[in-house]
Amino acid sequence: MSAVRPWRMIDRRKSRQIMVGNVPVGGDAPITVQTMTNTPTEDVAATIDQIRRCEDAGADIIRVSCPTAESTAHFDKITRASAIPIVADIHFHYKRALEAADKGAACLRINPGNIGSSERVAEVVRAAKANGCAIRIGVNAGSLEKDLLEKYGEPCPEALVESALDHIKLLQDHDFHDYKVAVKASDVFLAVAAYQGLAETVDCPLHLGITEAGGLIGGTVKSSIGIGNLLWAGIGDTIRVSLSAQPEEEVRVGFEILKSLGLRTRGVRVVSCPSCARQGFDVIKTVQALEERLQHIKTPLSLSVLGCVVNGPGEARETDIGITGGGAGKHMVYLSGVTDHHVESADMLDHIVTLVEAKAAEIESDMIDAGAADSVPA
């Protein structure tokens, strides 16, 4: 059957599916959003608190660094407390991988070539198999192997792909196939080209990211260009937006990227104008306040906030709830694309929040009813 809007369709790359805990990655599973804690892992309470905030923001998977024996000493307390699968971040010491696997990690982030001999790789694979752990191979342009740098002269797409294939072979030699791969770089062009090359070479799930992307604004832009470019081309099964910001912000940006491409829906999608002299209310402050006050809404729905009637009615027709600025502090409210009533400036924020919460409850109720109806025998 042909699509109504073929220009919106994304032909997703066919990858085999693996499980990270109870979360499927790859195949036809939803593209997952990840982040990473930045608390000292030894501080169990602080780490769990941060994981909770990331769960509330919508994280599907979260990574926790395990650099020392102290960091894995109470790792089981963290994995038991987390409602989402935990990836243990391992760089050089293979024993940390063994400890994390035994204490509930759903996935081990390693580069097999960095942890020593084939015997040590075999030990990590045995621990992963015994505990049902997946493995993420994490290639990074900033830490390429010396021989590849000598061969290619600098980090380049071919070097990143070759590194990934070398690490993959180490796992395959031990008959381990539950892995996903990342080939990250802080250079958008390099990262995108490396992922494109890898996507043509392997069938495993790919973890997307622009590493060390920068602060909240700059990093969001770089990540959106790089990750968005790949997702639009159908490449990618799980993403992490790397920002010099709190991990909850990484999750929110990740979802916004997916929402913009129609690949995931979660929470309120806001359509708003940049504001101008025609605005009937302060659009910028209104949108900032609404985004803050509506973070608790997880139900997918749309809200348009337009300062005047030039584009307001048109945008409102395409959203669940809309507000368009009018004169004398009186603004038009649209429900399901249709003009419904007016609201005064002083009451507008509280009123919109109430409408959105009510609409979310209505959608949730309809979904429950539909599910109940589907479960009734014919």
# chains A, B, ... in the order shown; residues from 1 in each chain; ligands from 1
>>> residues_around(residues="Leu290 (chain A)", least_positions_apart="6", cutoff="12 Å", atoms="only C-alpha atoms", output="short mmCIF file (atom, residue, chain, number, x, y, z; two decimals) with C-alpha atoms, in the first residue's frame")
data_model
loop_
_atom_site.label_atom_id
_atom_site.label_comp_id
_atom_site.auth_asym_id
_atom_site.auth_seq_id
_atom_site.Cartn_x
_atom_site.Cartn_y
_atom_site.Cartn_z
CA VAL A 268 4.30 17.11 23.99
CA ARG A 269 5.54 18.16 20.56
CA VAL A 270 5.55 21.96 20.61
CA VAL A 271 5.14 23.99 17.41
CA SER A 272 5.96 27.62 18.12
CA VAL A 283 5.85 33.77 22.93
CA ILE A 284 9.40 33.02 24.11
CA HIS A 296 5.75 15.23 33.15
CA ILE A 297 3.52 14.47 30.18
CA LEU A 303 0.64 21.85 20.93
CA SER A 304 1.00 24.96 18.77
CA VAL A 305 1.90 28.30 20.33
CA MET A 348 -3.35 31.45 29.58
CA LEU A 349 -0.47 29.38 31.01
CA ASP A 350 -2.52 27.54 33.63
CA HIS A 351 -5.30 27.05 31.11
CA ILE A 352 -3.06 25.48 28.47
CA VAL A 353 -1.44 23.17 31.03
CA THR A 354 -4.89 22.04 32.17
CA LEU A 355 -5.99 21.42 28.56
CA VAL A 356 -2.85 19.42 27.76
CA GLU A 357 -3.19 17.30 30.90
#
>>> residues_around(residues="Asn140 (chain A)", least_positions_apart="3", cutoff="12 Å", atoms="only C-alpha atoms", output="tab-separated table (two decimals) with N, CA, C and O atoms, in the first residue's frame")
chain	number	residue	atom	x	y	z
A	91	HIS	N	36.86	0.06	29.97
A	91	HIS	CA	37.83	0.48	28.95
A	91	HIS	C	39.04	-0.45	28.86
A	91	HIS	O	39.36	-0.93	27.79
A	110	ILE	N	32.81	-2.35	25.71
A	110	ILE	CA	34.24	-2.62	25.70
A	110	ILE	C	34.78	-2.49	24.27
A	110	ILE	O	34.01	-2.48	23.31
A	111	ASN	N	36.07	-2.39	24.15
A	111	ASN	CA	36.78	-2.67	22.91
A	111	ASN	C	37.59	-3.92	23.18
A	111	ASN	O	38.57	-3.86	23.94
A	137	ILE	N	30.62	-2.67	21.20
A	137	ILE	CA	31.96	-2.29	20.77
A	137	ILE	C	31.94	-0.78	20.53
A	137	ILE	O	31.12	-0.29	19.75
A	143	SER	N	40.72	7.59	20.05
A	143	SER	CA	41.52	6.54	20.69
A	143	SER	C	41.73	5.35	19.75
A	143	SER	O	41.66	4.20	20.17
A	144	LEU	N	41.98	5.66	18.48
A	144	LEU	CA	42.24	4.61	17.51
A	144	LEU	C	43.55	3.90	17.82
A	144	LEU	O	44.50	4.50	18.36
A	145	GLU	N	43.64	2.64	17.42
A	145	GLU	CA	44.84	1.86	17.63
A	145	GLU	C	46.02	2.47	16.87
A	145	GLU	O	45.88	3.01	15.77
A	155	PRO	N	42.90	9.76	11.81
A	155	PRO	CA	41.58	9.15	11.91
A	155	PRO	C	40.77	9.44	10.65
A	155	PRO	O	40.68	10.59	10.21
A	156	CYS	N	40.23	8.43	10.04
A	156	CYS	CA	39.44	8.58	8.82
A	156	CYS	C	38.34	7.51	8.86
A	156	CYS	O	38.41	6.57	9.66
A	157	PRO	N	37.34	7.62	8.01
A	157	PRO	CA	36.24	6.65	8.04
A	157	PRO	C	36.74	5.22	7.88
A	157	PRO	O	36.27	4.30	8.59
A	159	ALA	N	39.59	3.93	8.70
A	159	ALA	CA	40.28	3.49	9.91
A	159	ALA	C	39.28	3.10	10.99
A	159	ALA	O	39.45	2.08	11.68
A	160	LEU	N	38.22	3.90	11.16
A	160	LEU	CA	37.20	3.58	12.17
A	160	LEU	C	36.49	2.28	11.84
A	160	LEU	O	36.25	1.44	12.72
A	161	VAL	N	36.15	2.09	10.58
A	161	VAL	CA	35.47	0.86	10.17
A	161	VAL	C	36.38	-0.34	10.35
A	161	VAL	O	35.95	-1.39	10.87
A	162	GLU	N	37.65	-0.21	9.98
A	162	GLU	CA	38.57	-1.33	10.14
A	162	GLU	C	38.75	-1.69	11.61
A	162	GLU	O	38.80	-2.87	11.98
A	163	SER	N	38.83	-0.68	12.46
A	163	SER	CA	38.92	-0.94	13.90
A	163	SER	C	37.71	-1.71	14.38
A	163	SER	O	37.83	-2.69	15.13
A	164	ALA	N	36.53	-1.27	13.96
A	164	ALA	CA	35.30	-1.96	14.36
A	164	ALA	C	35.30	-3.42	13.91
A	164	ALA	O	34.95	-4.34	14.67
A	181	VAL	N	27.54	-1.92	17.67
A	181	VAL	CA	28.79	-1.23	17.41
A	181	VAL	C	28.57	0.26	17.25
A	181	VAL	O	27.55	0.70	16.68
A	182	ALA	N	29.52	1.06	17.74
A	182	ALA	CA	29.54	2.50	17.52
A	182	ALA	C	30.89	2.88	16.92
A	182	ALA	O	31.92	2.31	17.29
A	183	VAL	N	30.87	3.81	15.99
A	183	VAL	CA	32.12	4.36	15.43
A	183	VAL	C	32.01	5.89	15.55
A	183	VAL	O	31.68	6.59	14.61
A	184	LYS	N	32.32	6.39	16.73
A	184	LYS	CA	32.05	7.79	17.04
A	184	LYS	C	33.25	8.69	16.74
A	184	LYS	O	34.40	8.27	16.80
A	185	ALA	N	32.94	9.95	16.45
A	185	ALA	CA	33.95	10.98	16.29
A	185	ALA	C	33.31	12.30	16.66
A	185	ALA	O	32.08	12.46	16.58
A	186	SER	N	34.12	13.26	17.06
A	186	SER	CA	33.59	14.59	17.35
A	186	SER	C	33.39	15.39	16.07
A	186	SER	O	32.66	16.38	16.07
A	187	ASP	N	34.03	14.96	15.00
A	187	ASP	CA	33.87	15.57	13.67
A	187	ASP	C	32.64	14.95	13.01
A	187	ASP	O	32.61	13.73	12.77
A	190	LEU	N	33.28	13.03	9.70
A	190	LEU	CA	33.99	11.78	9.91
A	190	LEU	C	33.05	10.72	10.48
A	190	LEU	O	33.03	9.57	10.02
A	191	ALA	N	32.28	11.09	11.48
A	191	ALA	CA	31.38	10.13	12.11
A	191	ALA	C	30.34	9.62	11.12
A	191	ALA	O	30.10	8.41	11.02
A	194	ALA	N	31.87	7.29	8.58
A	194	ALA	CA	32.24	6.00	9.18
A	194	ALA	C	31.01	5.13	9.39
A	194	ALA	O	31.03	3.92	9.09
A	195	TYR	N	29.95	5.70	9.90
A	195	TYR	CA	28.72	4.93	10.10
A	195	TYR	C	28.14	4.44	8.77
A	195	TYR	O	27.64	3.31	8.67
A	208	LEU	N	24.43	5.05	17.55
A	208	LEU	CA	24.84	6.32	16.96
A	208	LEU	C	25.23	7.35	18.01
A	208	LEU	O	24.63	7.41	19.07
A	209	GLY	N	26.21	8.16	17.66
A	209	GLY	CA	26.58	9.28	18.51
A	209	GLY	C	27.65	10.13	17.87
A	209	GLY	O	28.47	9.64	17.10
A	210	ILE	N	27.60	11.42	18.15
A	210	ILE	CA	28.70	12.33	17.83
A	210	ILE	C	29.39	12.58	19.15
A	210	ILE	O	28.85	13.25	20.02
A	211	THR	N	30.57	12.03	19.33
A	211	THR	CA	31.19	12.07	20.65
A	211	THR	C	31.74	13.45	20.97
A	211	THR	O	32.10	14.22	20.06
A	212	GLU	N	31.80	13.77	22.26
A	212	GLU	CA	32.30	15.07	22.71
A	212	GLU	C	31.71	16.20	21.87
A	212	GLU	O	32.43	17.08	21.37
>>> closest_atom_pairs(of="region 15-129 of chain A", to="region 239-249 of chain A", cutoff="8 Å", atoms="only C-alpha atoms", output="JSON lines")
{"residue": "A:Ile31", "atom": "CA", "partner": "A:Ile239", "partner_atom": "CA", "distance": 7.4}
{"residue": "A:Thr32", "atom": "CA", "partner": "A:Ile239", "partner_atom": "CA", "distance": 6.3}
{"residue": "A:Val33", "atom": "CA", "partner": "A:Ile239", "partner_atom": "CA", "distance": 5.2}
{"residue": "A:Gln34", "atom": "CA", "partner": "A:Arg240", "partner_atom": "CA", "distance": 4.9}
{"residue": "A:Thr35", "atom": "CA", "partner": "A:Arg240", "partner_atom": "CA", "distance": 5.6}
{"residue": "A:Met36", "atom": "CA", "partner": "A:Pro247", "partner_atom": "CA", "distance": 6.2}
{"residue": "A:Thr37", "atom": "CA", "partner": "A:Pro247", "partner_atom": "CA", "distance": 6.5}
{"residue": "A:Asn38", "atom": "CA", "partner": "A:Pro247", "partner_atom": "CA", "distance": 7.6}
{"residue": "A:Arg53", "atom": "CA", "partner": "A:Glu248", "partner_atom": "CA", "distance": 6.6}
{"residue": "A:Cys54", "atom": "CA", "partner": "A:Glu248", "partner_atom": "CA", "distance": 5.0}
{"residue": "A:Ala57", "atom": "CA", "partner": "A:Glu248", "partner_atom": "CA", "distance": 5.9}
>>> write_last_selection(atoms="C-alpha atoms", output="mmCIF file, in the first residue's frame")
data_model
loop_
_atom_site.group_PDB
_atom_site.id
_atom_site.type_symbol
_atom_site.label_atom_id
_atom_site.label_comp_id
_atom_site.auth_asym_id
_atom_site.auth_seq_id
_atom_site.Cartn_x
_atom_site.Cartn_y
_atom_site.Cartn_z
ATOM 1 C CA ILE A 31 15.141 3.277 18.140
ATOM 2 C CA THR A 32 16.214 3.559 21.767
ATOM 3 C CA VAL A 33 17.570 6.594 23.594
ATOM 4 C CA GLN A 34 20.540 6.249 25.904
ATOM 5 C CA THR A 35 22.547 8.452 28.225
ATOM 6 C CA MET A 36 25.319 8.017 30.779
ATOM 7 C CA THR A 37 25.602 8.865 34.449
ATOM 8 C CA ASN A 38 28.262 11.344 35.524
ATOM 9 C CA ARG A 53 15.834 11.325 36.747
ATOM 10 C CA CYS A 54 16.921 9.854 33.435
ATOM 11 C CA ALA A 57 13.045 11.891 31.155
#
>>> atom_distance(atom1="CA of Val333 (chain A)", atom2="CA of Arg266 (chain A)")
23.0 Å
>>> atom_distance(atom1="CA of Ile78 (chain A)", atom2="CA of Ile51 (chain A)")
8.9 Å
>>> atom_distance(atom1="CA of Asp102 (chain A)", atom2="CA of Leu170 (chain A)")
21.5 Å
>>> closest_residue(among="A:Ser275, A:Asn229, A:Thr220, A:Gln172", to="Val251 (chain A)", atoms="only C-alpha atoms")
A:Thr220
>>> select_by_dssp(residues="region 103-227 of chain A", states="alpha helix (DSSP H)", output="NGL selection string")
:A and (118-131 or 146-152 or 157-172 or 188-199 or 216-227)
>>> closest_residue(among="A:Asp28, A:Glu291, A:Glu344, A:Glu123", to="Tyr94 (chain A)", atoms="only C-alpha atoms")
A:Glu123
>>> residues_around(residues="Gly327 (chain A)", least_positions_apart="6", cutoff="12 Å", atoms="only C-alpha atoms", output="ChimeraX atom specification")
/A:278-281,307-309,342-345
>>> write_last_selection(atoms="all heavy atoms", output="compact mmCIF listing (two decimals), in the first residue's frame")
# COMPACT_ATOMS: atom_id res chain seq x y z
N ARG A 278 4.35 41.40 15.92
CA ARG A 278 2.91 41.13 15.80
C ARG A 278 2.36 40.32 16.97
O ARG A 278 1.14 40.17 17.09
CB ARG A 278 2.63 40.34 14.50
CG ARG A 278 2.94 41.09 13.22
CD ARG A 278 2.38 40.33 12.00
NE ARG A 278 2.86 38.96 11.95
CZ ARG A 278 3.94 38.56 11.27
NH1 ARG A 278 4.67 39.46 10.62
NH2 ARG A 278 4.30 37.30 11.24
N GLN A 279 3.23 39.77 17.81
CA GLN A 279 2.77 38.82 18.83
C GLN A 279 1.80 39.47 19.82
O GLN A 279 1.97 40.59 20.24
CB GLN A 279 3.96 38.22 19.56
CG GLN A 279 4.79 39.21 20.38
CD GLN A 279 6.00 38.55 21.03
OE1 GLN A 279 6.19 37.34 20.96
NE2 GLN A 279 6.83 39.36 21.69
N GLY A 280 0.81 38.69 20.17
CA GLY A 280 -0.19 39.15 21.13
C GLY A 280 0.17 38.80 22.56
O GLY A 280 -0.50 39.24 23.50
N PHE A 281 1.20 37.97 22.75
CA PHE A 281 1.71 37.63 24.08
C PHE A 281 3.18 37.30 23.92
O PHE A 281 3.68 37.14 22.80
CB PHE A 281 0.94 36.47 24.71
CG PHE A 281 0.92 35.21 23.88
CD1 PHE A 281 1.96 34.28 23.96
CD2 PHE A 281 -0.11 34.95 23.01
CE1 PHE A 281 1.96 33.13 23.20
CE2 PHE A 281 -0.13 33.80 22.23
CZ PHE A 281 0.91 32.88 22.33
N GLY A 307 2.16 33.49 18.07
CA GLY A 307 1.91 34.82 18.62
C GLY A 307 0.84 35.63 17.94
O GLY A 307 0.33 36.59 18.53
N CYS A 308 0.51 35.30 16.69
CA CYS A 308 -0.48 36.12 15.97
C CYS A 308 -1.25 35.24 15.00
O CYS A 308 -1.02 34.04 14.88
CB CYS A 308 0.18 37.29 15.25
SG CYS A 308 1.06 36.80 13.75
N VAL A 309 -2.16 35.86 14.24
CA VAL A 309 -3.07 35.11 13.37
C VAL A 309 -2.51 34.89 11.97
O VAL A 309 -3.22 34.34 11.12
CB VAL A 309 -4.43 35.84 13.27
CG1 VAL A 309 -5.11 35.89 14.62
CG2 VAL A 309 -4.25 37.25 12.69
N HIS A 342 -11.91 31.61 23.83
CA HIS A 342 -10.85 32.58 24.09
C HIS A 342 -10.34 32.44 25.52
O HIS A 342 -11.04 31.91 26.39
CB HIS A 342 -11.35 34.02 23.88
CG HIS A 342 -11.55 34.37 22.44
ND1 HIS A 342 -12.75 34.14 21.78
CD2 HIS A 342 -10.71 34.94 21.53
CE1 HIS A 342 -12.63 34.54 20.52
NE2 HIS A 342 -11.41 35.04 20.35
N VAL A 343 -9.12 32.92 25.75
CA VAL A 343 -8.57 32.94 27.09
C VAL A 343 -7.80 34.24 27.28
O VAL A 343 -7.16 34.74 26.35
CB VAL A 343 -7.64 31.71 27.32
CG1 VAL A 343 -6.43 31.73 26.40
CG2 VAL A 343 -7.21 31.61 28.78
N GLU A 344 -7.88 34.78 28.49
CA GLU A 344 -7.16 36.01 28.81
C GLU A 344 -5.69 35.71 29.09
O GLU A 344 -5.34 34.61 29.53
CB GLU A 344 -7.79 36.67 30.04
CG GLU A 344 -9.27 37.01 29.89
CD GLU A 344 -9.51 38.24 29.03
OE1 GLU A 344 -8.53 38.99 28.81
OE2 GLU A 344 -10.65 38.45 28.59
N SER A 345 -4.84 36.70 28.88
CA SER A 345 -3.41 36.53 29.09
C SER A 345 -3.07 36.01 30.49
O SER A 345 -2.23 35.13 30.66
CB SER A 345 -2.67 37.86 28.85
OG SER A 345 -2.72 38.23 27.50
>>> closest_residue(among="A:Pro67, A:Pro85, A:Gly325, A:Gly228", to="Cys276 (chain A)", atoms="only C-alpha atoms")
A:Gly325
>>> residues_around(residues="Ala233 (chain A)", least_positions_apart="2", cutoff="9 Å", atoms="only C-alpha atoms", output="list in words")
Ile10, Asp11, Arg12, Arg13, Gly228, Asn229, Leu230, Leu231, Ile235 and Gly236 of chain A
>>> decode(residues="region 176-202 of chain A", atoms="N, CA, C and O atoms", output="CSV table (one decimal), in the first residue's frame")
chain,number,residue,atom,x,y,z
A,176,PHE,N,30.6,-15.2,19.8
A,176,PHE,CA,29.7,-14.3,20.5
A,176,PHE,C,29.1,-13.3,19.4
A,176,PHE,O,29.9,-12.7,18.6
A,177,HIS,N,27.8,-13.2,19.4
A,177,HIS,CA,27.2,-12.4,18.3
A,177,HIS,C,26.2,-11.4,18.8
A,177,HIS,O,25.6,-10.7,18.0
A,178,ASP,N,26.0,-11.3,20.2
A,178,ASP,CA,25.0,-10.4,20.7
A,178,ASP,C,25.7,-9.0,21.0
A,178,ASP,O,25.9,-8.6,22.1
A,179,TYR,N,26.1,-8.4,19.9
A,179,TYR,CA,26.9,-7.1,20.0
A,179,TYR,C,26.3,-6.1,19.1
A,179,TYR,O,25.6,-6.3,18.1
A,180,LYS,N,26.5,-4.8,19.5
A,180,LYS,CA,26.2,-3.7,18.7
A,180,LYS,C,27.5,-2.8,18.6
A,180,LYS,O,28.4,-3.0,19.4
A,181,VAL,N,27.5,-1.9,17.7
A,181,VAL,CA,28.8,-1.2,17.4
A,181,VAL,C,28.6,0.3,17.2
A,181,VAL,O,27.6,0.7,16.7
A,182,ALA,N,29.5,1.1,17.7
A,182,ALA,CA,29.5,2.5,17.5
A,182,ALA,C,30.9,2.9,16.9
A,182,ALA,O,31.9,2.3,17.3
A,183,VAL,N,30.9,3.8,16.0
A,183,VAL,CA,32.1,4.4,15.4
A,183,VAL,C,32.0,5.9,15.5
A,183,VAL,O,31.7,6.6,14.6
A,184,LYS,N,32.3,6.4,16.7
A,184,LYS,CA,32.0,7.8,17.0
A,184,LYS,C,33.2,8.7,16.7
A,184,LYS,O,34.4,8.3,16.8
A,185,ALA,N,32.9,9.9,16.4
A,185,ALA,CA,34.0,11.0,16.3
A,185,ALA,C,33.3,12.3,16.7
A,185,ALA,O,32.1,12.5,16.6
A,186,SER,N,34.1,13.3,17.1
A,186,SER,CA,33.6,14.6,17.4
A,186,SER,C,33.4,15.4,16.1
A,186,SER,O,32.7,16.4,16.1
A,187,ASP,N,34.0,15.0,15.0
A,187,ASP,CA,33.9,15.6,13.7
A,187,ASP,C,32.6,15.0,13.0
A,187,ASP,O,32.6,13.7,12.8
A,188,VAL,N,31.6,15.8,12.7
A,188,VAL,CA,30.4,15.2,12.2
A,188,VAL,C,30.6,14.5,10.8
A,188,VAL,O,30.1,13.4,10.6
A,189,PHE,N,31.4,15.1,10.0
A,189,PHE,CA,31.6,14.5,8.7
A,189,PHE,C,32.3,13.1,8.8
A,189,PHE,O,31.9,12.2,8.1
A,190,LEU,N,33.3,13.0,9.7
A,190,LEU,CA,34.0,11.8,9.9
A,190,LEU,C,33.0,10.7,10.5
A,190,LEU,O,33.0,9.6,10.0
A,191,ALA,N,32.3,11.1,11.5
A,191,ALA,CA,31.4,10.1,12.1
A,191,ALA,C,30.3,9.6,11.1
A,191,ALA,O,30.1,8.4,11.0
A,192,VAL,N,29.7,10.5,10.4
A,192,VAL,CA,28.7,10.1,9.5
A,192,VAL,C,29.2,9.2,8.4
A,192,VAL,O,28.7,8.1,8.1
A,193,ALA,N,30.4,9.5,7.8
A,193,ALA,CA,31.0,8.7,6.8
A,193,ALA,C,31.4,7.3,7.3
A,193,ALA,O,31.2,6.3,6.7
A,194,ALA,N,31.9,7.3,8.6
A,194,ALA,CA,32.2,6.0,9.2
A,194,ALA,C,31.0,5.1,9.4
A,194,ALA,O,31.0,3.9,9.1
A,195,TYR,N,29.9,5.7,9.9
A,195,TYR,CA,28.7,4.9,10.1
A,195,TYR,C,28.1,4.4,8.8
A,195,TYR,O,27.6,3.3,8.7
A,196,GLN,N,28.2,5.3,7.8
A,196,GLN,CA,27.7,4.9,6.4
A,196,GLN,C,28.5,3.7,5.9
A,196,GLN,O,27.9,2.7,5.4
A,197,GLY,N,29.8,3.7,6.1
A,197,GLY,CA,30.7,2.6,5.6
A,197,GLY,C,30.4,1.4,6.4
A,197,GLY,O,30.3,0.3,5.9
A,198,LEU,N,30.2,1.5,7.7
A,198,LEU,CA,30.0,0.3,8.6
A,198,LEU,C,28.6,-0.3,8.3
A,198,LEU,O,28.5,-1.5,8.3
A,199,ALA,N,27.6,0.6,8.1
A,199,ALA,CA,26.3,0.1,7.8
A,199,ALA,C,26.2,-0.8,6.5
A,199,ALA,O,25.4,-1.7,6.4
A,200,GLU,N,27.1,-0.5,5.6
A,200,GLU,CA,27.2,-1.3,4.4
A,200,GLU,C,27.9,-2.6,4.5
A,200,GLU,O,27.9,-3.5,3.7
A,201,THR,N,28.6,-2.8,5.7
A,201,THR,CA,29.6,-3.9,5.9
A,201,THR,C,29.0,-4.9,6.8
A,201,THR,O,29.4,-6.1,6.7
A,202,VAL,N,28.3,-4.5,7.8
A,202,VAL,CA,27.8,-5.5,8.9
A,202,VAL,C,26.3,-5.5,9.0
A,202,VAL,O,25.6,-4.6,8.5
